[in-house]
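In what follows, a single structure is set out as structure tokens and then discussed.
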Amino acid sequence: MTLLNSSSLPKTADVVILGAGVMGASIAFHLAKRKAGKIVVLDKDHVGRGGSGRSSALVRMHYSFPAEVELALISLRMFQNWQDVVGAPGNFRRTGFVRIVHPNETARLKLNVEMQCRLGATVELIDKRQLHELEPDWDVDDVQLAAYEPDSGYGDGAGVAGDLLTAARDMGTIYASRTQATALHVNDDRVRSVVTDQGAISSPIVIAATGPWTRPLMQQVGYDVPIECEYHQVAILRNAPGMRGGGCACIDSVTATYFRSDAHDKFLVGDFYGKRPVDPDNFPQRASDESLEEIIERACRRVPKLEGSEVMRGVTGVYDMTPDSRPLLGEIPGIRGLFVCAGFSGMGFKISPAIGQVMSELVLDGKVRSVDINPFRPNRFAENAPIKAEYEYVDD
């Protein structure tokens with residue numbers, strides 16, 4: 001393992017990765033596996049301490065855009081075989097996952113499930129009776145059909161980032177924590193170096209996996225990435241007496257909440273929508289009681305027994321949102337060697353293992369073999385080509 005004190009930052013690298021969350025760590029891992037040379041990862045804090053450590057960490061295959069399903073499938077295989085792939089036990093919990101949509105979107109649900117099955121996902125449509133048998137604590141009277149994934153569940157964002165970075169460091173990657181990138185040096189339409197508060201590093205390739213901090217960094221080199229920061233709050237509850245623990249994770253359009261078990265005795269509830277704008281360096285670290293109460297009240301319509309649950313704590317965080325709620329993946333137009341991997345809009349954890357793979361292919365091979373990520377190109381909004389899935393839900 002290559003250890004580094006930030007005061008001895010290397011002067012040169014073959015690749016510099018900015019950010020040690022699940023994305024930066026995954027990219028480092030995949031590049032190191034392919035022996036991409038001298039790889040340096042910088043983080044302004046510590047591994048997994050940004051959005052990754054605050055993630056609700058759902059793992060599910062249900063997307064309306066095929067490329068996202070493909071990324072989720074690659075990632076699921078890694079989560080399922082974490083010890084063999086990464087060399088650590090991992091913390092993926094297979095609980096099953098349910099997607100509930102608005103009743104008027106049932107036809108879209110069917111078509112999306114057909115698409116997911118064609119791509120290899122293990123998913124089936126279940127009716128109200130089957131859903132009640134699966135989750136007797138849920139009130140499902142309003143559900144015509146739901147999508148059920150028996151192999152999905154949830155993980156741990158900070159744990160995944162830490163495991164991937166540890167494996168990358170075991171393969172020679174250099175990691176500098178508490179080292180903030182302050183500027184990028186570009187000359188002759190190519191990135192040349194990264195300036196940090198600990199010195200500069202020359203490198204022909206820089207990958208910004210910097211989440212909510214991406215926009216101001218790119219603006220310094222004359223490129224505006226359309227990322228807005230959105231504030232979110234999540235409630236962690238202790239199961240009420242008589243509640244069954246360890247049930248399915250769920251995304252529920254009817255109540256506009258998502259929820260999952262948290263170990264065997266706790267329950268996590270989150271909201272679809274957040275507040276903008278927010279400063280990613282200065283946002284409330286404590287969730288408001290009123291907001292949590294409102295989120296829980298909506299979730300109680302689906303899981304009535306939550307009314308008797310004790311609120312243990314709240315978790316707050318910031319999403320890096322794009323106009324179409326899909327990530328920006330690729331080289332910055334007009335600046336060779338500068339890549340962006342950001343804008344995951346609160347849905348990045350579940351595809352993070354695959355993101356490292358596709359970004360490593362793009363950087364080293366010039367094209368991606370495993371999944372077509374061209375729709376996610378950073379310039380798509382300037383080209384008036386936002387991603388629009390064929391059977392998108394109203395709240396996608």
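FYI, nothing fancy with the structure tokens labels: chains A, B, ... in order, residues from 1 per chain, ligands from 1 as they appear.
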Taking a cut-off of 12 Å and counting only C-alpha atoms, can you build a table that, for each residue of stretch 159-268 of chain A near stretch 290-308 of chain A, reports the nearest atom pair and how far apart they are in Å (one decimal), sorted by chain then residue number, as JSON lines?
```
{"residue": "A:Tyr231", "atom": "CA", "partner": "A:Ser291", "partner_atom": "CA", "distance": 11.8}
{"residue": "A:His232", "atom": "CA", "partner": "A:Ser291", "partner_atom": "CA", "distance": 9.9}
{"residue": "A:Gln233", "atom": "CA", "partner": "A:Leu292", "partner_atom": "CA", "distance": 7.3}
{"residue": "A:Val234", "atom": "CA", "partner": "A:Leu292", "partner_atom": "CA", "distance": 7.0}
{"residue": "A:Ala235", "atom": "CA", "partner": "A:Leu292", "partner_atom": "CA", "distance": 6.0}
{"residue": "A:Ile236", "atom": "CA", "partner": "A:Leu292", "partner_atom": "CA", "distance": 9.3}
{"residue": "A:Leu237", "atom": "CA", "partner": "A:Leu306", "partner_atom": "CA", "distance": 8.2}
{"residue": "A:Arg238", "atom": "CA", "partner": "A:Leu306", "partner_atom": "CA", "distance": 8.9}
{"residue": "A:Asn239", "atom": "CA", "partner": "A:Leu306", "partner_atom": "CA", "distance": 7.2}
{"residue": "A:Ala240", "atom": "CA", "partner": "A:Gly308", "partner_atom": "CA", "distance": 5.1}
{"residue": "A:Pro241", "atom": "CA", "partner": "A:Gly308", "partner_atom": "CA", "distance": 7.6}
{"residue": "A:Gly242", "atom": "CA", "partner": "A:Lys305", "partner_atom": "CA", "distance": 8.2}
{"residue": "A:Met243", "atom": "CA", "partner": "A:Lys305", "partner_atom": "CA", "distance": 6.6}
{"residue": "A:Arg244", "atom": "CA", "partner": "A:Lys305", "partner_atom": "CA", "distance": 9.7}
{"residue": "A:Gly245", "atom": "CA", "partner": "A:Lys305", "partner_atom": "CA", "distance": 11.7}
{"residue": "A:Gly247", "atom": "CA", "partner": "A:Val303", "partner_atom": "CA", "distance": 11.3}
{"residue": "A:Cys248", "atom": "CA", "partner": "A:Val303", "partner_atom": "CA", "distance": 11.8}
{"residue": "A:Cys250", "atom": "CA", "partner": "A:Arg302", "partner_atom": "CA", "distance": 10.2}
{"residue": "A:Ile251", "atom": "CA", "partner": "A:Ala299", "partner_atom": "CA", "distance": 10.5}
{"residue": "A:Asp252", "atom": "CA", "partner": "A:Arg302", "partner_atom": "CA", "distance": 8.5}
{"residue": "A:Ser253", "atom": "CA", "partner": "A:Ala299", "partner_atom": "CA", "distance": 10.8}
{"residue": "A:Val254", "atom": "CA", "partner": "A:Arg302", "partner_atom": "CA", "distance": 8.8}
{"residue": "A:Thr255", "atom": "CA", "partner": "A:Arg298", "partner_atom": "CA", "distance": 5.5}
{"residue": "A:Ala256", "atom": "CA", "partner": "A:Arg298", "partner_atom": "CA", "distance": 7.6}
{"residue": "A:Thr257", "atom": "CA", "partner": "A:Ala299", "partner_atom": "CA", "distance": 6.3}
{"residue": "A:Tyr258", "atom": "CA", "partner": "A:Ala299", "partner_atom": "CA", "distance": 8.0}
{"residue": "A:Phe259", "atom": "CA", "partner": "A:Ala299", "partner_atom": "CA", "distance": 8.0}
{"residue": "A:Arg260", "atom": "CA", "partner": "A:Ala299", "partner_atom": "CA", "distance": 11.0}
{"residue": "A:Ser261", "atom": "CA", "partner": "A:Leu306", "partner_atom": "CA", "distance": 11.8}
{"residue": "A:Lys266", "atom": "CA", "partner": "A:Leu306", "partner_atom": "CA", "distance": 10.5}
{"residue": "A:Phe267", "atom": "CA", "partner": "A:Leu306", "partner_atom": "CA", "distance": 8.7}
{"residue": "A:Leu268", "atom": "CA", "partner": "A:Ile296", "partner_atom": "CA", "distance": 9.6}
```
Handout entry: Nearby residues (only C-alpha atoms) at most 7 Å from A:Leu18, same-chain spacing under 2 positions excluded, as a ChimeraX atom specification
Key = /A:16,20,24,41-43,207-210
>> Can you tell me, as a ChimeraX atom specification, which residues in stretch 165-367 of chain A count as alpha helix (DSSP H) by DSSP?
In response: /A:165-170,214-219,289-300,352-365
Determine, for each residue of stretch 22-59 of chain A having at least one atom at most 12 Å from an atom of stretch 142-152 of chain A, the closest pair of atoms and their separation in Å to one decimal, counting only C-alpha atoms; order by chain and ascending number, as CSV.
```
residue,atom,partner,partner_atom,distance
A:Ala57,CA,A:Ser152,CA,11.2
A:Leu58,CA,A:Ser152,CA,8.2
A:Val59,CA,A:Ser152,CA,5.5
```
Any chance you could export the current selection's C-alpha atoms as a PDB file, in the first residue's frame?
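File selection_11.pdb, as written:
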```pdb
ATOM      1  CA  ALA A  57     -26.956   3.353  -0.692  1.00  0.00           C
ATOM      2  CA  LEU A  58     -29.860   1.584  -2.395  1.00  0.00           C
ATOM      3  CA  VAL A  59     -28.880  -1.096  -4.904  1.00  0.00           C
TER       4      VAL A  59
END
```
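Counting only C-alpha atoms, the residue from A:Val140, A:Leu329, A:Val269, A:Met115 that sits nearest to A:Gly314 is A:Val269.
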- request: Using only C-alpha atoms, determine which residues lie at most 7 Å from A:Arg190, disregarding the query and same-chain residues fewer than 3 positions distant; provide the list as an MDAnalysis selection string.
  value: chainID A and resid 186:187 335:337
Selected residues, C-alpha atoms, written as a PDB file, in the first residue's frame, please.
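out_35.pdb was written with the following content:
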```pdb
ATOM      1  CA  VAL A 186      -4.641  24.224 -19.154  1.00  0.00           C
ATOM      2  CA  ASN A 187      -2.338  25.079 -22.062  1.00  0.00           C
ATOM      3  CA  ILE A 335      -9.645  20.369 -23.222  1.00  0.00           C
ATOM      4  CA  ARG A 336      -7.855  17.130 -23.948  1.00  0.00           C
ATOM      5  CA  GLY A 337      -7.131  14.938 -20.964  1.00  0.00           C
TER       6      GLY A 337
END
```
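The two atoms in question, atom CA of A:Trp82 and atom CA of A:Asp396, are spaced 29.2 Å apart.
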Selection near stretch 213-221 of chain A, 10 Å with only C-alpha atoms, sequence-local residues under 3 positions removed, as a PyMOL selection string: chain A and resi 18-19+181-186+191+208-210+224-229+279-281+320+332+335+338+340-343
Item checked: stretch 61-68 of chain A environment, 7 Å, only C-alpha atoms, sequence neighbours closer than 4 positions dropped, as JSON, numbers by chain -> {"A": [72, 73, 112, 121, 371, 372, 389, 391, 392]}
Restricted to N, CA and C atoms, what would the selected residues look like written as a compact mmCIF listing (two decimals), in the first residue's frame?
```
# COMPACT_ATOMS: atom_id res chain seq x y z
N ALA A 72 -25.99 -0.65 -13.72
CA ALA A 72 -26.43 -1.23 -12.46
C ALA A 72 -26.18 -2.74 -12.42
N LEU A 73 -26.34 -3.41 -13.55
CA LEU A 73 -26.12 -4.86 -13.60
C LEU A 73 -24.64 -5.20 -13.41
N ASN A 112 -40.89 -0.91 -18.98
CA ASN A 112 -39.54 -0.80 -18.41
C ASN A 112 -39.06 -2.14 -17.86
N ALA A 121 -31.66 -8.27 -16.25
CA ALA A 121 -32.02 -8.05 -14.85
C ALA A 121 -32.98 -9.13 -14.37
N VAL A 371 -20.44 -0.48 -21.93
CA VAL A 371 -21.73 0.22 -21.97
C VAL A 371 -21.56 1.47 -22.81
N ASP A 372 -22.55 1.80 -23.61
CA ASP A 372 -22.49 3.04 -24.40
C ASP A 372 -22.80 4.22 -23.49
N ALA A 389 -35.67 9.12 -21.46
CA ALA A 389 -35.97 7.70 -21.64
C ALA A 389 -37.29 7.53 -22.37
N TYR A 391 -39.74 5.43 -21.85
CA TYR A 391 -40.90 5.26 -20.96
C TYR A 391 -40.57 5.83 -19.59
N GLU A 392 -40.22 7.10 -19.58
CA GLU A 392 -39.83 7.78 -18.36
C GLU A 392 -41.02 8.01 -17.45
```
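For A:Arg54, the non-local neighbours within 10 Å, defined as residues at least 4 positions apart in the same chain or in other chains and counting only C-alpha atoms, are Gly48, Arg49, Gly50, Asp156, Gly157, Ala158, Gln233, Val234, Val315, Thr316, Gly317 and Val318 of chain A.
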The residue from A:Leu362, A:Leu31, A:Ile126, A:Ala88 with the smallest atom-to-atom distance to A:Thr173, counting only C-alpha atoms, is A:Leu31
Quiz prompt | Residues of stretch 136-242 of chain A in strand (DSSP E), written as a VMD selection string | solution = chain A and resid 145 to 149 153 to 154 174 to 176 181 to 187 190 to 196 199 to 202 206 to 208 228 to 238
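Counting only C-alpha atoms and comparing A:Lys11, A:Arg118, A:Lys275, A:His30, the residue that lies closest to A:Ile355 is A:His30.
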Next item on the list: List the neighbours of A:Phe29 out to 7 Å using only C-alpha atoms; skip same-chain residues closer than 3 positions along the sequence, and give me the result as a list in words.
Entry: Ala25, Ser26, Ala32, Lys33, Leu164, Leu165, Ala167 and Ala168 of chain A
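Pairwise distance (atom CA of A:Leu131, atom CA of A:Thr106) equals 15.0 Å.
Using only C-alpha atoms, the shortest contact distance between A:Ser345 and any of A:Ser55, A:Gln357, A:Asn104, A:Ser177 is found at A:Ser55.
Between atom CA of A:Ala13 and atom CA of A:Thr196 lies a distance of 13.9 Å.
With only C-alpha atoms as the atoms that count, the residue of A:Met312, A:Val278, A:Ala176, A:Val69 with the shortest distance to A:Asp262 is A:Met312.
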